[in-house]
Amino acid sequence: MHIVLNMLKGYFIWSIPFFMLACNNRSTVSAKAADPEDCEWYVVYNDNKTASAKNKLDIYALRLYPNGTYTLCADLLFEQGTWRYDDRKKITVFHPAVKNEAAQERYLVDQVLPGNKTQFSFYHQYPPDKENPDEMIDVRSISNQSTYDPYHPNMHLWRKKPESPESSQQIRSRVLSYLQFLKSLYFHASENDLENAGGTWYPKPIRFYNNKVSMAYANELNDWYNCFYNDAQGIEGYKLISGALMRTAIKGEDDNSRNINCVEQLLQLVGK
C-alpha cells in the first residue's frame with residue numbers, strides 16, 4: 001500500500017412488491033479525490049462480472065480509517081482491527097481485533113498496473129511469497145461523501161454474539177441496531193451515487209430485490225442466528241422484522257430510495 005499512499009496520501013413467508021415510480025432521476029455526486037488512508041477500496045470486476053479467481057474470500061470492500069482502524073468485508077469473512085505501514089518491512093500490516101484460524105495477522109502489498117489500475121495482494125506471512133498470495137484483487141477507491149458510514153465499527157455492534165440469553169427488549173434493541181445499519185448502508189449508497197449497496201458480507205434476514213422485498217428462507221439464516229444467543233432468539237428477532245414488513249407500503253424512485261423507505265418504516269414499526 002506504500003505505493004498508493006505515496007501517490008495520493010425463517011423461512012420464506014411472503015414477498016411485498018415495490019410501488020414502482022420513475023427510475024431515471026438519479027442524483028450525481030461530484031468527483032472527489034480519495035485519500036488512500038481514509039477511503040473505501042472496492043473490488044473491480046472484469047467484463048464477465050466475476051472477480052479474480054485469486055479473490056478466494058470473495059472480498060467486497062476494504063475500508064481504511066486515518067486513525068489506523070479498518071473494516072474488511074467479504075463473503076467468507078467480516079473483520080475489523082488496526083492497520084499500519086511498517087517502514088522497516090516496507091509492507092502494510094493488518095492486526096484483526098479478534099484472532100482465530102480465519103483471522104490472523106495479514107500483510108498487504110499493493111502495486112500500480114498499466115492503465116493506472118491498482119492491485120492488492122494479501123499474505124499471511126512475512127516475508128511474503130509473492131508468487132502465492134492468499135488473495136489478489138484489483139481495486140478502486142472512493143471517498144465517502146455521505147454522513148452515513150456502514151463500515152464503521154459502531155454500525156456493527158449487533159454482530160457481537162451475547163454470552164447469555166437476552167430479554168425480549170434486548171433482542172428488539174439488537175434488531176433495531178441491525179436496521180440502523182441497513183439505513184446507513186442504503187443512504188451511503190445513494191449519497192455516493194452507487195448503483196446498489198452490493199456484497200454478501202452481512203446477514204440478510206430480509207432480502208431486497210429490484211421490484212420486491214421478502215423474508216429469507218430458513219436455510220439462509222445461519223449468519224443471522226450467529227448474532228444472537230441461540231437460534232430461538234434469532235427467530236424471535238426475525239419475526240420482529242417479518243411482522244413489521246407485513247404492515248409496510250413501500251415506494252421510491254430507484255432501488256436505494258425504495259430500500260431506504262422500507263427500512264425507515266421497519267425502524268418505526270419495530271421500535272414501537
# chains A, B, ... in the order shown; residues from 1 in each chain; ligands from 1
call {"tool": "select_by_dssp", "arguments": {"residues": "segment 89-266 of chain A", "states": "strand (DSSP E or B)", "output": "PyMOL selection string"}}
result
chain A and resi 91-96+106-113+117-123+135-142+206-208+212-215+251-252
call {"tool": "residues_around", "arguments": {"residues": "Tyr238 of chain A", "least_positions_apart": "5", "cutoff": "10 Å", "atoms": "only C-alpha atoms", "output": "list in words"}}
result
Gly10, Tyr11, Ile171, Arg172, Val175, Pro205, Ile206, Met215, Ala216, Leu221, Trp224, Tyr225, Ala232, Gln233 and Gly243 of chain A
call {"tool": "write_last_selection", "arguments": {"atoms": "C-alpha atoms", "output": "PDB file, in the first residue's frame"}}
result
ATOM      1  CA  GLY A  10     -37.226 -18.358   8.514  1.00  0.00           C
ATOM      2  CA  TYR A  11     -38.203 -19.334   6.290  1.00  0.00           C
ATOM      3  CA  ILE A 171     -33.495  -8.678  21.198  1.00  0.00           C
ATOM      4  CA  ARG A 172     -35.593  -5.781  19.910  1.00  0.00           C
ATOM      5  CA  VAL A 175     -32.778  -5.841  15.651  1.00  0.00           C
ATOM      6  CA  PRO A 205     -32.920 -11.948   7.043  1.00  0.00           C
ATOM      7  CA  ILE A 206     -34.731  -9.510   4.760  1.00  0.00           C
ATOM      8  CA  MET A 215     -38.026 -12.506   4.101  1.00  0.00           C
ATOM      9  CA  ALA A 216     -35.241 -15.082   3.774  1.00  0.00           C
ATOM     10  CA  LEU A 221     -30.376 -17.512   8.236  1.00  0.00           C
ATOM     11  CA  TRP A 224     -28.290 -14.110  11.296  1.00  0.00           C
ATOM     12  CA  TYR A 225     -28.690 -16.665  14.084  1.00  0.00           C
ATOM     13  CA  ALA A 232     -34.571 -19.456  19.040  1.00  0.00           C
ATOM     14  CA  GLN A 233     -33.647 -15.867  19.889  1.00  0.00           C
ATOM     15  CA  GLY A 243     -44.216  -8.852  11.368  1.00  0.00           C
TER      16      GLY A 243
END
call {"tool": "closest_residue", "arguments": {"among": "A:Glu105, A:Arg88, A:Ala197, A:Val270", "to": "Lys239 of chain A", "atoms": "only C-alpha atoms"}}
result
A:Val270
call {"tool": "closest_residue", "arguments": {"among": "A:Asn116, A:Asn55, A:Asn256, A:Thr69", "to": "Ser184 of chain A", "atoms": "only C-alpha atoms"}}
result
A:Asn256
call {"tool": "closest_residue", "arguments": {"among": "A:Tyr209, A:Tyr148, A:Tyr229, A:Trp201", "to": "Ser164 of chain A", "atoms": "only C-alpha atoms"}}
result
A:Tyr229
call {"tool": "residues_around", "arguments": {"residues": "Asn100 of chain A", "least_positions_apart": "4", "cutoff": "12 Å", "atoms": "only C-alpha atoms", "output": "compact mmCIF listing (two decimals) with N, CA, C and O atoms, in the first residue's frame"}}
result
# COMPACT_ATOMS: atom_id res chain seq x y z
N LEU A 77 -15.85 -13.67 5.22
CA LEU A 77 -15.17 -13.06 6.36
C LEU A 77 -15.66 -11.63 6.57
O LEU A 77 -15.81 -10.88 5.61
N GLU A 79 -14.21 -8.65 9.08
CA GLU A 79 -13.09 -8.47 10.00
C GLU A 79 -12.85 -6.99 10.26
O GLU A 79 -12.87 -6.17 9.34
N HIS A 95 -3.84 -6.04 11.78
CA HIS A 95 -3.99 -6.81 13.01
C HIS A 95 -5.49 -6.94 13.32
O HIS A 95 -6.11 -5.97 13.75
N PRO A 96 -6.09 -8.13 13.09
CA PRO A 96 -7.51 -8.30 13.42
C PRO A 96 -7.77 -8.09 14.91
O PRO A 96 -6.95 -8.48 15.75
N GLN A 104 -5.87 -13.98 11.05
CA GLN A 104 -4.54 -13.83 11.60
C GLN A 104 -3.94 -12.53 11.08
O GLN A 104 -4.56 -11.82 10.31
N GLU A 105 -2.75 -12.21 11.53
CA GLU A 105 -2.07 -11.02 11.03
C GLU A 105 -1.93 -11.12 9.52
O GLU A 105 -1.56 -12.17 8.99
call {"tool": "closest_residue", "arguments": {"among": "A:Asn46, A:Thr118, A:Ser168, A:Thr248", "to": "Ile235 of chain A", "atoms": "only C-alpha atoms"}}
result
A:Ser168
call {"tool": "residues_around", "arguments": {"residues": "segment 141-146 of chain A", "least_positions_apart": "4", "cutoff": "7 Å", "atoms": "only C-alpha atoms", "output": "MDAnalysis selection string"}}
result
chainID A and resid 32:35 39:42 188 191:192
call {"tool": "write_last_selection", "arguments": {"atoms": "N, CA and C atoms", "output": "PDB file, in the first residue's frame"}}
result
ATOM      1  N   LYS A  32     -14.455  13.459  -6.192  1.00  0.00           N
ATOM      2  CA  LYS A  32     -13.600  13.944  -5.126  1.00  0.00           C
ATOM      3  C   LYS A  32     -12.441  12.974  -4.993  1.00  0.00           C
ATOM      4  N   ALA A  33     -11.214  13.495  -5.022  1.00  0.00           N
ATOM      5  CA  ALA A  33     -10.047  12.632  -4.932  1.00  0.00           C
ATOM      6  C   ALA A  33     -10.055  11.890  -3.601  1.00  0.00           C
ATOM      7  N   ALA A  34      -9.756  10.600  -3.655  1.00  0.00           N
ATOM      8  CA  ALA A  34      -9.776   9.771  -2.450  1.00  0.00           C
ATOM      9  C   ALA A  34      -8.428   9.815  -1.751  1.00  0.00           C
ATOM     10  N   ASP A  35      -8.462   9.954  -0.433  1.00  0.00           N
ATOM     11  CA  ASP A  35      -7.266   9.853   0.399  1.00  0.00           C
ATOM     12  C   ASP A  35      -7.065   8.377   0.714  1.00  0.00           C
ATOM     13  N   CYS A  39     -10.436   6.035   2.996  1.00  0.00           N
ATOM     14  CA  CYS A  39     -11.302   5.803   1.834  1.00  0.00           C
ATOM     15  C   CYS A  39     -11.808   4.366   1.834  1.00  0.00           C
ATOM     16  N   GLU A  40     -12.642   4.081   0.857  1.00  0.00           N
ATOM     17  CA  GLU A  40     -13.205   2.750   0.666  1.00  0.00           C
ATOM     18  C   GLU A  40     -12.607   2.156  -0.602  1.00  0.00           C
ATOM     19  N   TRP A  41     -11.996   0.979  -0.469  1.00  0.00           N
ATOM     20  CA  TRP A  41     -11.430   0.273  -1.615  1.00  0.00           C
ATOM     21  C   TRP A  41     -12.386  -0.831  -2.017  1.00  0.00           C
ATOM     22  N   TYR A  42     -12.873  -0.790  -3.257  1.00  0.00           N
ATOM     23  CA  TYR A  42     -13.826  -1.779  -3.756  1.00  0.00           C
ATOM     24  C   TYR A  42     -13.166  -2.663  -4.812  1.00  0.00           C
ATOM     25  N   HIS A 188     -25.796   5.596   2.376  1.00  0.00           N
ATOM     26  CA  HIS A 188     -24.412   5.698   1.917  1.00  0.00           C
ATOM     27  C   HIS A 188     -24.331   5.410   0.418  1.00  0.00           C
ATOM     28  N   GLU A 191     -26.043   8.394  -1.524  1.00  0.00           N
ATOM     29  CA  GLU A 191     -25.341   9.676  -1.478  1.00  0.00           C
ATOM     30  C   GLU A 191     -23.944   9.608  -2.083  1.00  0.00           C
ATOM     31  N   ASN A 192     -23.456   8.398  -2.349  1.00  0.00           N
ATOM     32  CA  ASN A 192     -22.199   8.241  -3.076  1.00  0.00           C
ATOM     33  C   ASN A 192     -22.442   7.826  -4.523  1.00  0.00           C
TER      34      ASN A 192
END
call {"tool": "closest_residue", "arguments": {"among": "A:Asp75, A:Asp134, A:Glu195, A:Glu37", "to": "Asn210 of chain A", "atoms": "only C-alpha atoms"}}
result
A:Glu195
call {"tool": "residues_around", "arguments": {"residues": "Pro150 of chain A", "least_positions_apart": "6", "cutoff": "9 Å", "atoms": "only C-alpha atoms", "output": "VMD selection string"}}
result
chain A and resid 156 181 to 186 188
call {"tool": "write_last_selection", "arguments": {"atoms": "all heavy atoms", "output": "JSON list (two decimals), in the first residue's frame"}}
result
[["chain", "number", "residue", "atom", "x", "y", "z"],
["A", 156, "HIS", "N", -21.86, -1.97, 13.74],
["A", 156, "HIS", "CA", -21.85, -3.44, 13.75],
["A", 156, "HIS", "C", -21.88, -4.03, 15.16],
["A", 156, "HIS", "O", -21.48, -5.19, 15.35],
["A", 156, "HIS", "CB", -20.63, -3.95, 12.97],
["A", 156, "HIS", "CG", -20.69, -3.62, 11.52],
["A", 156, "HIS", "ND1", -21.34, -4.41, 10.60],
["A", 156, "HIS", "CD2", -20.23, -2.53, 10.84],
["A", 156, "HIS", "CE1", -21.25, -3.84, 9.41],
["A", 156, "HIS", "NE2", -20.59, -2.70, 9.53],
["A", 181, "PHE", "N", -28.12, -0.13, 10.73],
["A", 181, "PHE", "CA", -27.03, -0.45, 9.80],
["A", 181, "PHE", "C", -27.53, -0.45, 8.35],
["A", 181, "PHE", "O", -26.91, 0.12, 7.46],
["A", 181, "PHE", "CB", -26.41, -1.80, 10.15],
["A", 181, "PHE", "CG", -25.73, -2.46, 8.99],
["A", 181, "PHE", "CD1", -24.51, -2.00, 8.51],
["A", 181, "PHE", "CD2", -26.31, -3.57, 8.36],
["A", 181, "PHE", "CE1", -23.90, -2.61, 7.43],
["A", 181, "PHE", "CE2", -25.70, -4.19, 7.28],
["A", 181, "PHE", "CZ", -24.49, -3.70, 6.81],
["A", 182, "LEU", "N", -28.69, -1.09, 8.12],
["A", 182, "LEU", "CA", -29.25, -1.12, 6.77],
["A", 182, "LEU", "C", -29.57, 0.29, 6.28],
["A", 182, "LEU", "O", -29.32, 0.63, 5.11],
["A", 182, "LEU", "CB", -30.52, -1.97, 6.72],
["A", 182, "LEU", "CG", -30.36, -3.48, 6.85],
["A", 182, "LEU", "CD1", -31.72, -4.16, 6.65],
["A", 182, "LEU", "CD2", -29.36, -4.03, 5.84],
["A", 183, "LYS", "N", -30.10, 1.12, 7.15],
["A", 183, "LYS", "CA", -30.40, 2.50, 6.78],
["A", 183, "LYS", "C", -29.12, 3.22, 6.37],
["A", 183, "LYS", "O", -29.08, 3.91, 5.34],
["A", 183, "LYS", "CB", -31.07, 3.22, 7.95],
["A", 183, "LYS", "CG", -31.36, 4.69, 7.68],
["A", 183, "LYS", "CD", -32.05, 5.34, 8.88],
["A", 183, "LYS", "CE", -32.26, 6.84, 8.66],
["A", 183, "LYS", "NZ", -32.95, 7.47, 9.82],
["A", 184, "SER", "N", -28.06, 3.03, 7.16],
["A", 184, "SER", "CA", -26.78, 3.64, 6.82],
["A", 184, "SER", "C", -26.24, 3.11, 5.50],
["A", 184, "SER", "O", -25.72, 3.86, 4.67],
["A", 184, "SER", "CB", -25.78, 3.35, 7.95],
["A", 184, "SER", "OG", -24.49, 3.85, 7.64],
["A", 185, "LEU", "N", -26.38, 1.80, 5.28],
["A", 185, "LEU", "CA", -25.90, 1.16, 4.06],
["A", 185, "LEU", "C", -26.53, 1.77, 2.81],
["A", 185, "LEU", "O", -25.83, 2.11, 1.84],
["A", 185, "LEU", "CB", -26.20, -0.33, 4.13],
["A", 185, "LEU", "CG", -25.70, -1.20, 2.99],
["A", 185, "LEU", "CD1", -24.19, -1.40, 3.08],
["A", 185, "LEU", "CD2", -26.41, -2.56, 3.01],
["A", 186, "TYR", "N", -27.86, 1.94, 2.84],
["A", 186, "TYR", "CA", -28.55, 2.42, 1.64],
["A", 186, "TYR", "C", -28.44, 3.93, 1.46],
["A", 186, "TYR", "O", -28.37, 4.41, 0.33],
["A", 186, "TYR", "CB", -30.00, 1.95, 1.66],
["A", 186, "TYR", "CG", -30.11, 0.45, 1.49],
["A", 186, "TYR", "CD1", -30.71, -0.35, 2.46],
["A", 186, "TYR", "CD2", -29.59, -0.17, 0.37],
["A", 186, "TYR", "CE1", -30.79, -1.73, 2.30],
["A", 186, "TYR", "CE2", -29.65, -1.54, 0.20],
["A", 186, "TYR", "CZ", -30.26, -2.31, 1.17],
["A", 186, "TYR", "OH", -30.32, -3.67, 1.01],
["A", 188, "HIS", "N", -25.80, 5.60, 2.38],
["A", 188, "HIS", "CA", -24.41, 5.70, 1.92],
["A", 188, "HIS", "C", -24.33, 5.41, 0.42],
["A", 188, "HIS", "O", -23.65, 6.12, -0.33],
["A", 188, "HIS", "CB", -23.55, 4.71, 2.71],
["A", 188, "HIS", "CG", -22.17, 4.51, 2.16],
["A", 188, "HIS", "ND1", -21.87, 3.58, 1.20],
["A", 188, "HIS", "CD2", -20.99, 5.12, 2.46],
["A", 188, "HIS", "CE1", -20.59, 3.63, 0.92],
["A", 188, "HIS", "NE2", -20.03, 4.55, 1.67]]
call {"tool": "decode", "arguments": {"residues": "segment 235-261 of chain A", "atoms": "N, CA, C and O atoms", "output": "compact mmCIF listing (two decimals), in the first residue's frame"}}
result
# COMPACT_ATOMS: atom_id res chain seq x y z
N ILE A 235 -34.71 -16.38 15.77
CA ILE A 235 -36.04 -16.46 15.17
C ILE A 235 -36.94 -15.37 15.73
O ILE A 235 -37.74 -14.75 15.00
N GLU A 236 -36.79 -15.09 17.03
CA GLU A 236 -37.59 -14.01 17.64
C GLU A 236 -37.26 -12.67 16.98
O GLU A 236 -38.16 -11.87 16.69
N GLY A 237 -35.97 -12.44 16.72
CA GLY A 237 -35.57 -11.21 16.03
C GLY A 237 -36.08 -11.18 14.60
O GLY A 237 -36.52 -10.14 14.11
N TYR A 238 -36.03 -12.32 13.94
CA TYR A 238 -36.54 -12.44 12.57
C TYR A 238 -38.03 -12.09 12.51
O TYR A 238 -38.48 -11.37 11.61
N LYS A 239 -38.78 -12.57 13.48
CA LYS A 239 -40.22 -12.33 13.50
C LYS A 239 -40.55 -10.86 13.73
O LYS A 239 -41.59 -10.38 13.27
N LEU A 240 -39.69 -10.16 14.46
CA LEU A 240 -39.92 -8.72 14.64
C LEU A 240 -39.89 -8.01 13.29
O LEU A 240 -40.71 -7.12 13.02
N ILE A 241 -38.94 -8.41 12.43
CA ILE A 241 -38.83 -7.79 11.11
C ILE A 241 -39.97 -8.25 10.21
O ILE A 241 -40.63 -7.43 9.55
N SER A 242 -40.24 -9.56 10.19
CA SER A 242 -41.27 -10.08 9.29
C SER A 242 -42.65 -9.54 9.65
O SER A 242 -43.46 -9.22 8.77
N GLY A 243 -42.92 -9.40 10.96
CA GLY A 243 -44.22 -8.85 11.37
C GLY A 243 -44.38 -7.40 10.95
O GLY A 243 -45.46 -6.99 10.52
N ALA A 244 -43.29 -6.64 11.05
CA ALA A 244 -43.34 -5.24 10.63
C ALA A 244 -43.46 -5.11 9.12
O ALA A 244 -44.14 -4.23 8.60
N LEU A 245 -42.79 -6.02 8.38
CA LEU A 245 -42.81 -5.95 6.93
C LEU A 245 -44.23 -6.08 6.37
O LEU A 245 -44.57 -5.46 5.36
N MET A 246 -45.06 -6.87 7.05
CA MET A 246 -46.44 -7.04 6.60
C MET A 246 -47.22 -5.74 6.59
O MET A 246 -48.21 -5.60 5.87
N ARG A 247 -46.75 -4.78 7.37
CA ARG A 247 -47.50 -3.53 7.54
C ARG A 247 -46.89 -2.36 6.77
O ARG A 247 -47.28 -1.21 6.99
N THR A 248 -45.94 -2.65 5.88
CA THR A 248 -45.30 -1.58 5.12
C THR A 248 -45.97 -1.39 3.76
O THR A 248 -46.55 -2.31 3.20
N ALA A 249 -45.88 -0.18 3.25
CA ALA A 249 -46.31 0.15 1.89
C ALA A 249 -45.15 0.92 1.27
O ALA A 249 -44.95 2.10 1.55
N ILE A 250 -44.38 0.25 0.45
CA ILE A 250 -43.08 0.76 0.01
C ILE A 250 -43.18 1.50 -1.31
O ILE A 250 -43.86 1.08 -2.23
N LYS A 251 -42.49 2.62 -1.39
CA LYS A 251 -42.43 3.38 -2.64
C LYS A 251 -41.07 4.06 -2.75
O LYS A 251 -40.33 4.19 -1.77
N GLY A 252 -40.74 4.52 -3.95
CA GLY A 252 -39.48 5.19 -4.18
C GLY A 252 -39.16 5.23 -5.65
O GLY A 252 -39.77 4.52 -6.47
N GLU A 253 -38.19 6.06 -6.02
CA GLU A 253 -37.87 6.28 -7.43
C GLU A 253 -36.80 5.33 -7.96
O GLU A 253 -36.64 5.19 -9.16
N ASP A 254 -36.02 4.69 -7.09
CA ASP A 254 -34.99 3.76 -7.52
C ASP A 254 -34.76 2.76 -6.39
O ASP A 254 -35.40 2.82 -5.34
N ASP A 255 -33.84 1.81 -6.62
CA ASP A 255 -33.62 0.76 -5.63
C ASP A 255 -33.25 1.32 -4.27
O ASP A 255 -33.80 0.91 -3.24
N ASN A 256 -32.29 2.25 -4.24
CA ASN A 256 -31.84 2.77 -2.95
C ASN A 256 -32.94 3.52 -2.22
O ASN A 256 -33.12 3.34 -1.01
N SER A 257 -33.70 4.35 -2.93
CA SER A 257 -34.75 5.12 -2.26
C SER A 257 -35.86 4.20 -1.76
O SER A 257 -36.43 4.43 -0.68
N ARG A 258 -36.18 3.15 -2.51
CA ARG A 258 -37.19 2.19 -2.05
C ARG A 258 -36.71 1.43 -0.81
O ARG A 258 -37.46 1.21 0.14
N ASN A 259 -35.43 1.03 -0.83
CA ASN A 259 -34.89 0.31 0.31
C ASN A 259 -34.87 1.19 1.56
O ASN A 259 -35.18 0.74 2.66
N ILE A 260 -34.48 2.45 1.37
CA ILE A 260 -34.48 3.40 2.49
C ILE A 260 -35.89 3.57 3.03
O ILE A 260 -36.12 3.55 4.26
N ASN A 261 -36.85 3.74 2.14
CA ASN A 261 -38.24 3.91 2.55
C ASN A 261 -38.72 2.71 3.36
O ASN A 261 -39.37 2.85 4.40
